[in-house]
Number of protein chains: 2
Amino acid sequence: MIGVSRIIVALDSERGDKLSLWLNLVDSLCGRVAGFKFGLPFLLQYGLDGLRASRLLCDNMFIADLKLADIAPIMVNTVSLISDYIDAIIAHGFTGFRGGLDRLKEYLDSISVKLIVVASMSHPGSMDVIDPSLDRIMDVILKVNPWGLVAPATRPEIISMLRSRGLKYKILSPGIGVQGAKPGDGLRSGADYEIIGRFITRAPNPIEVVDSINLEHSMILEGKN
Amino acid sequence: MIGVSRIIVALDSERGDKLSLWLNLVDSLCGRVAGFKFGLPFLLQYGLDGLRASRLLCDNMFIADLKLADIAPIMVNTVSLISDYIDAIIAHGFTGFRGGLDRLKEYLDSISVKLIVVASMSHPGSMDVIDPSLDRIMDVILKVNPWGLVAPATRPEIISMLRSRGLKYKILSPGIGVQGAKPGDGLRSGADYEIIGRFITRAPNPIEVVDSINLEHSMILEGKN
């Protein structure tokens, strides 16, 4: 028996992909995963109609991973245009509080959309500016009080460090599969969810991959792995 | 006689705005300004069709201000979807180099689209993490070697500091008008362009406002103001 899934599937569309590819994926994985995450390429390619169509297929958590990092009025305007179709949105902690994440959070609270804040990223370039600024980013996060954080499975020591602070925020960890981390690496370090894209979406049989990761996750969570 | 304009008009659309409002603005201001900048709200509201329609009206510089801050494949995919309609794109310096801005810059060079990197932002929250990290962000910028930088007219000392380093990059300064800085504040501090949104776009007569700012700018550049 597999419990609640800890997988968030990244719908990382590439130029040329048909919307039907993603609609089929959402339809077939709905209920087997915790949720779906889409980014700017998906929104630009398929527009609000594509997002609406995906959402109608599945009521799992939908996360808009726009990596928002702008002044508050722009972030609020952006979210207002997609808020009917999402449960959560990802913004950068780097953006800062006043005139930035403060007003975004207020707005999101008013429309019951969750805020997820990037603490650190999965690519090596995250070590240039973001990781050395992690203490300052955490100060912003504590003020913002989001629902969740993003921290990379590619550098699990960051997840462990965040978890060790006893914070109540959910931790979502990207970087699994093509980027180098393995399924389970995020959860083992203390993450609540693993964000997995191409490793699932470009697999010959995505359902099989999801089922097998869910099984591995449940063993990790039961302490057997 | 007014020389080349230093104004970049921010097409900051809000929910409910009709596309025709922006098409009329682009049409009437074309040739009187240096260029136009649009963000996520514009793209989500009007889609690629709206962007294409704007672009067809005017061949001034079009800047996609998406504040990109993601891993390289996502940034590259995003740009590939709009590259036919833009001359430049804005990304965050804090994203870092390896697996981030390095590959974005390579891709942009290959399609002759300019990269503009955010050094600092116009809202107070920029002082939380971004400004204290400016030295590290500048290290990234020097490696990336972009066409231009963004630095805020609301904190002109940052523009002056960047200018004093003798860097060849163009400096674009937002924050003028509603955000508190005055037209001319950016240029006086050493910026090459001033990004101005609502102060122009929501004015009863945007052409008059643009003409008057162009005049003031030309006096500043001739050292008379």
# chains A, B, ... in the order shown; residues from 1 in each chain; ligands from 1
$ residues_around --residues "B:Leu25" --least-positions-apart "2" --cutoff "9 Å" --atoms "only C-alpha atoms" --output "ChimeraX atom specification"
/B:11,20-23,27-30,201,206-207
$ closest_atom_pairs --of "chain A" --to "chain B" --cutoff "8 Å" --atoms "only C-alpha atoms" --output "tab-separated table"
residue	atom	partner	partner_atom	distance
A:Asp12	CA	B:Ile74	CA	7.7
A:Glu14	CA	B:Asn77	CA	6.2
A:Arg15	CA	B:Asn77	CA	6.8
A:Gly39	CA	B:Ile74	CA	7.9
A:Leu40	CA	B:Thr78	CA	6.1
A:Pro41	CA	B:Thr78	CA	4.8
A:Leu43	CA	B:Leu44	CA	7.5
A:Leu44	CA	B:Gly47	CA	6.9
A:Gln45	CA	B:Leu81	CA	7.1
A:Gly47	CA	B:Gly47	CA	6.5
A:Leu48	CA	B:Leu44	CA	7.2
A:Lys67	CA	B:Ala69	CA	6.4
A:Leu68	CA	B:Lys67	CA	7.7
A:Ala69	CA	B:Lys67	CA	6.4
A:Asp70	CA	B:Lys67	CA	6.8
A:Ile71	CA	B:His123	CA	6.2
A:Ile74	CA	B:Pro41	CA	7.1
A:Asn77	CA	B:Pro41	CA	6.1
A:Thr78	CA	B:Pro41	CA	4.8
A:Ser80	CA	B:Arg15	CA	7.5
A:Leu81	CA	B:Leu44	CA	7.0
A:Phe94	CA	B:Val129	CA	5.8
A:Thr95	CA	B:Ser126	CA	6.3
A:Gly96	CA	B:Gly125	CA	4.2
A:Phe97	CA	B:Gly125	CA	4.7
A:Arg98	CA	B:Gly125	CA	4.4
A:Gly99	CA	B:His123	CA	5.5
A:Gly100	CA	B:Gly125	CA	5.9
A:Met121	CA	B:Ile71	CA	7.9
A:Ser122	CA	B:Ile71	CA	7.6
A:His123	CA	B:Gly99	CA	5.5
A:Pro124	CA	B:Arg98	CA	5.5
A:Gly125	CA	B:Gly96	CA	4.2
A:Ser126	CA	B:Gly96	CA	5.6
A:Met127	CA	B:Gly96	CA	7.3
A:Asp128	CA	B:Gly96	CA	5.3
A:Val129	CA	B:Phe94	CA	5.5
A:Ile130	CA	B:Phe94	CA	6.4
A:Ser133	CA	B:Val129	CA	6.9
A:Arg136	CA	B:Val129	CA	5.8
A:Ile137	CA	B:Val129	CA	6.4
A:Val140	CA	B:Asp128	CA	7.3
$ residues_around --residues "B:Ala153" --least-positions-apart "2" --cutoff "7 Å" --atoms "only C-alpha atoms" --output "MDAnalysis selection string"
chainID B and resid 122 151 155:156 173:176 181 185:186
$ write_last_selection --atoms "C-alpha atoms" --output "tab-separated table (two decimals), in the first residue's frame"
chain	number	residue	atom	x	y	z
B	122	SER	CA	13.70	49.69	-7.53
B	151	ALA	CA	19.83	49.58	-11.76
B	155	ARG	CA	18.63	54.52	-5.41
B	156	PRO	CA	20.78	56.55	-7.80
B	173	SER	CA	16.98	52.60	-14.75
B	174	PRO	CA	13.43	51.84	-13.61
B	175	GLY	CA	11.53	53.33	-10.67
B	176	ILE	CA	10.60	56.64	-12.28
B	181	ALA	CA	12.13	58.84	-8.77
B	185	ASP	CA	17.08	61.12	-12.01
B	186	GLY	CA	18.41	58.06	-13.80
$ closest_residue --among "B:Tyr107, B:Phe38, B:Tyr169, B:Phe62" --to "B:Gly190" --atoms "only C-alpha atoms"
B:Tyr169
$ closest_residue --among "B:Leu104, B:Ala34, B:Leu115, B:Ile200" --to "B:Arg6" --atoms "only C-alpha atoms"
B:Ala34
$ select_by_dssp --residues "stretch 71-205 of chain A" --states "strand (DSSP E)" --output "list in words"
Ala88, Ile89, Ile90, Ala91, His92, Lys114, Leu115, Ile116, Val117, Val118, Gly148, Leu149, Val150, Lys170, Ile171, Leu172, Ser173, Pro174, Gly175, Ile176, Tyr193, Glu194, Ile195 and Ile196 of chain A
$ write_last_selection --atoms "C-alpha atoms" --output "JSON list (two decimals), in the first residue's frame"
[["chain", "number", "residue", "atom", "x", "y", "z"],
["A", 88, "ALA", "CA", 0.33, 27.61, -5.38],
["A", 89, "ILE", "CA", 2.93, 29.88, -6.94],
["A", 90, "ILE", "CA", 6.73, 29.95, -6.71],
["A", 91, "ALA", "CA", 8.61, 33.21, -6.12],
["A", 92, "HIS", "CA", 12.26, 33.97, -5.32],
["A", 114, "LYS", "CA", -0.19, 29.14, -1.44],
["A", 115, "LEU", "CA", 3.20, 30.83, -1.68],
["A", 116, "ILE", "CA", 6.33, 28.74, -2.21],
["A", 117, "VAL", "CA", 9.63, 30.60, -1.92],
["A", 118, "VAL", "CA", 12.91, 29.58, -3.56],
["A", 148, "GLY", "CA", 6.66, 26.05, 1.31],
["A", 149, "LEU", "CA", 10.28, 26.39, 0.25],
["A", 150, "VAL", "CA", 12.26, 25.20, -2.74],
["A", 170, "LYS", "CA", 7.00, 22.26, 3.35],
["A", 171, "ILE", "CA", 10.20, 21.67, 1.38],
["A", 172, "LEU", "CA", 9.98, 20.94, -2.35],
["A", 173, "SER", "CA", 13.15, 19.64, -3.96],
["A", 174, "PRO", "CA", 13.92, 19.89, -7.69],
["A", 175, "GLY", "CA", 16.98, 18.61, -9.54],
["A", 176, "ILE", "CA", 16.01, 14.94, -9.68],
["A", 193, "TYR", "CA", 8.08, 16.63, -2.04],
["A", 194, "GLU", "CA", 10.33, 15.83, -4.98],
["A", 195, "ILE", "CA", 9.86, 17.79, -8.17],
["A", 196, "ILE", "CA", 10.57, 15.50, -11.10]]
$ select_by_dssp --residues "stretch 66-190 of chain B" --states "helix (DSSP H, G or I)" --output "MDAnalysis selection string"
chainID B and resid 72:85 93:95 97:110 124:127 131:144 156:164 185:189
$ write_last_selection --atoms "C-alpha atoms" --output "compact mmCIF listing (two decimals), in the first residue's frame"
# COMPACT_ATOMS: atom_id res chain seq x y z
CA ALA B 72 19.30 27.42 -18.18
CA PRO B 73 17.04 24.97 -20.07
CA ILE B 74 13.90 26.71 -18.79
CA MET B 75 15.24 30.19 -19.61
CA VAL B 76 16.34 29.09 -23.08
CA ASN B 77 12.98 27.41 -23.79
CA THR B 78 11.18 30.52 -22.63
CA VAL B 79 13.16 32.85 -24.87
CA SER B 80 12.87 30.54 -27.87
CA LEU B 81 9.10 31.04 -27.80
CA ILE B 82 9.24 34.84 -28.06
CA SER B 83 12.58 35.46 -29.75
CA ASP B 84 11.01 36.44 -33.07
CA TYR B 85 9.42 39.49 -31.48
CA GLY B 93 22.12 38.47 -12.08
CA PHE B 94 21.51 36.58 -8.86
CA THR B 95 20.61 33.50 -10.95
CA PHE B 97 26.57 31.73 -14.07
CA ARG B 98 27.06 27.99 -14.53
CA GLY B 99 23.92 26.22 -15.74
CA GLY B 100 22.17 29.58 -15.60
CA LEU B 101 23.19 32.80 -17.34
CA ASP B 102 26.14 31.18 -19.15
CA ARG B 103 23.96 29.10 -21.42
CA LEU B 104 21.28 31.77 -21.69
CA LYS B 105 23.90 34.21 -22.99
CA GLU B 106 25.29 31.67 -25.48
CA TYR B 107 21.80 31.06 -26.80
CA LEU B 108 20.96 34.77 -27.01
CA ASP B 109 24.21 35.46 -28.88
CA SER B 110 23.32 32.76 -31.38
CA PRO B 124 12.82 48.75 -0.89
CA GLY B 125 12.97 44.93 -0.63
CA SER B 126 15.96 45.02 -2.99
CA MET B 127 18.00 46.12 0.04
CA ASP B 131 21.99 45.07 -2.66
CA PRO B 132 24.14 43.39 0.02
CA SER B 133 25.06 40.83 -2.68
CA LEU B 134 25.94 43.41 -5.32
CA ASP B 135 29.63 42.49 -5.43
CA ARG B 136 28.80 38.85 -6.11
CA ILE B 137 26.14 39.83 -8.65
CA MET B 138 28.73 42.03 -10.39
CA ASP B 139 31.14 39.07 -10.53
CA VAL B 140 28.44 37.12 -12.36
CA ILE B 141 27.73 40.07 -14.67
CA LEU B 142 31.41 40.41 -15.60
CA LYS B 143 31.50 36.73 -16.55
CA VAL B 144 28.23 36.93 -18.51
CA PRO B 156 20.78 56.55 -7.80
CA GLU B 157 23.95 55.89 -5.80
CA ILE B 158 23.90 52.36 -7.23
CA ILE B 159 23.81 53.70 -10.79
CA SER B 160 26.66 56.10 -10.00
CA MET B 161 28.67 53.29 -8.44
CA LEU B 162 28.19 51.05 -11.49
CA ARG B 163 29.04 53.93 -13.82
CA SER B 164 32.16 54.77 -11.82
CA ASP B 185 17.08 61.12 -12.01
CA GLY B 186 18.41 58.06 -13.80
CA LEU B 187 20.31 59.92 -16.53
CA ARG B 188 21.78 62.39 -14.04
CA SER B 189 23.27 59.46 -12.12
$ residues_around --residues "B:Arg32" --least-positions-apart "2" --cutoff "12 Å" --atoms "only C-alpha atoms" --output "PyMOL selection string"
chain B and resi 2-9+25-30+34-36+58-61+206-215
$ write_last_selection --atoms "N, CA, C and O atoms" --output "compact mmCIF listing (two decimals), in the first residue's frame"
# COMPACT_ATOMS: atom_id res chain seq x y z
N ILE B 2 15.64 67.56 -30.52
CA ILE B 2 15.86 66.51 -29.54
C ILE B 2 16.59 65.34 -30.21
O ILE B 2 16.21 64.92 -31.30
N GLY B 3 17.64 64.87 -29.56
CA GLY B 3 18.40 63.75 -30.14
C GLY B 3 17.66 62.44 -29.95
O GLY B 3 16.44 62.42 -29.83
N VAL B 4 18.43 61.37 -29.93
CA VAL B 4 17.84 60.04 -29.75
C VAL B 4 17.20 59.95 -28.36
O VAL B 4 17.81 60.35 -27.38
N SER B 5 16.00 59.44 -28.30
CA SER B 5 15.32 59.35 -27.01
C SER B 5 15.99 58.35 -26.08
O SER B 5 16.56 57.35 -26.52
N ARG B 6 15.92 58.63 -24.79
CA ARG B 6 16.45 57.74 -23.75
C ARG B 6 15.34 57.08 -22.94
O ARG B 6 15.59 56.58 -21.86
N ILE B 7 14.13 57.16 -23.48
CA ILE B 7 12.97 56.61 -22.76
C ILE B 7 12.64 55.20 -23.23
O ILE B 7 12.53 54.96 -24.43
N ILE B 8 12.49 54.31 -22.27
CA ILE B 8 11.90 52.99 -22.58
C ILE B 8 10.56 52.93 -21.84
O ILE B 8 10.50 53.09 -20.62
N VAL B 9 9.51 52.74 -22.60
CA VAL B 9 8.17 52.75 -22.02
C VAL B 9 7.79 51.35 -21.54
O VAL B 9 7.83 50.39 -22.32
N LEU B 25 -0.88 52.97 -27.86
CA LEU B 25 0.28 53.62 -27.23
C LEU B 25 1.56 53.35 -28.02
O LEU B 25 2.34 54.27 -28.30
N VAL B 26 1.76 52.09 -28.38
CA VAL B 26 2.97 51.73 -29.13
C VAL B 26 2.98 52.49 -30.46
O VAL B 26 4.01 53.06 -30.86
N ASP B 27 1.85 52.52 -31.11
CA ASP B 27 1.74 53.19 -32.40
C ASP B 27 2.04 54.69 -32.27
O ASP B 27 2.80 55.25 -33.05
N SER B 28 1.46 55.32 -31.26
CA SER B 28 1.60 56.78 -31.17
C SER B 28 2.96 57.19 -30.61
O SER B 28 3.44 58.28 -30.89
N LEU B 29 3.61 56.32 -29.83
CA LEU B 29 4.91 56.69 -29.25
C LEU B 29 6.09 56.18 -30.07
O LEU B 29 7.24 56.57 -29.82
N CYS B 30 5.80 55.33 -31.05
CA CYS B 30 6.89 54.76 -31.86
C CYS B 30 7.71 55.88 -32.51
O CYS B 30 7.16 56.80 -33.10
N ALA B 34 12.91 55.31 -27.13
CA ALA B 34 13.96 54.37 -27.54
C ALA B 34 13.42 52.97 -27.71
O ALA B 34 13.94 52.18 -28.51
N GLY B 35 12.38 52.66 -26.93
CA GLY B 35 11.86 51.30 -27.01
C GLY B 35 10.74 51.06 -26.04
O GLY B 35 10.28 51.98 -25.34
N PHE B 36 10.32 49.82 -26.00
CA PHE B 36 9.22 49.39 -25.14
C PHE B 36 9.64 48.15 -24.37
O PHE B 36 10.42 47.35 -24.86
N CYS B 58 5.82 48.73 -34.72
CA CYS B 58 6.96 49.60 -34.39
C CYS B 58 8.24 48.80 -34.32
O CYS B 58 8.27 47.74 -33.69
N ASP B 59 9.30 49.28 -34.93
CA ASP B 59 10.56 48.55 -34.83
C ASP B 59 11.55 49.18 -33.87
O ASP B 59 12.75 48.95 -33.96
N ASN B 60 11.04 49.98 -32.92
CA ASN B 60 11.90 50.39 -31.80
C ASN B 60 12.28 49.13 -31.01
O ASN B 60 11.68 48.08 -31.19
N MET B 61 13.24 49.30 -30.11
CA MET B 61 13.69 48.16 -29.31
C MET B 61 12.55 47.59 -28.47
O MET B 61 11.87 48.32 -27.75
N PRO B 206 -0.06 60.92 -23.33
CA PRO B 206 1.28 60.30 -23.24
C PRO B 206 2.30 60.96 -24.16
O PRO B 206 3.48 61.08 -23.79
N ILE B 207 1.89 61.40 -25.35
CA ILE B 207 2.85 62.02 -26.27
C ILE B 207 3.44 63.28 -25.66
O ILE B 207 4.66 63.49 -25.71
N GLU B 208 2.61 64.10 -25.07
CA GLU B 208 3.10 65.33 -24.42
C GLU B 208 4.11 65.01 -23.33
O GLU B 208 5.14 65.67 -23.22
N VAL B 209 3.79 63.99 -22.51
CA VAL B 209 4.70 63.62 -21.42
C VAL B 209 6.03 63.15 -21.98
O VAL B 209 7.10 63.57 -21.52
N VAL B 210 5.97 62.32 -23.02
CA VAL B 210 7.19 61.81 -23.64
C VAL B 210 8.02 62.97 -24.22
O VAL B 210 9.24 63.05 -24.00
N ASP B 211 7.37 63.87 -24.92
CA ASP B 211 8.10 65.00 -25.52
C ASP B 211 8.79 65.83 -24.44
O ASP B 211 9.93 66.28 -24.60
N SER B 212 8.07 66.04 -23.35
CA SER B 212 8.63 66.89 -22.30
C SER B 212 9.81 66.18 -21.61
O SER B 212 10.82 66.81 -21.28
N ILE B 213 9.70 64.87 -21.41
CA ILE B 213 10.83 64.14 -20.80
C ILE B 213 12.02 64.10 -21.77
O ILE B 213 13.17 64.28 -21.35
N ASN B 214 11.75 63.88 -23.04
CA ASN B 214 12.84 63.89 -24.03
C ASN B 214 13.60 65.22 -23.98
O ASN B 214 14.83 65.24 -24.06
N LEU B 215 12.84 66.31 -23.86
CA LEU B 215 13.45 67.64 -23.80
C LEU B 215 14.33 67.76 -22.57
O LEU B 215 15.48 68.22 -22.64
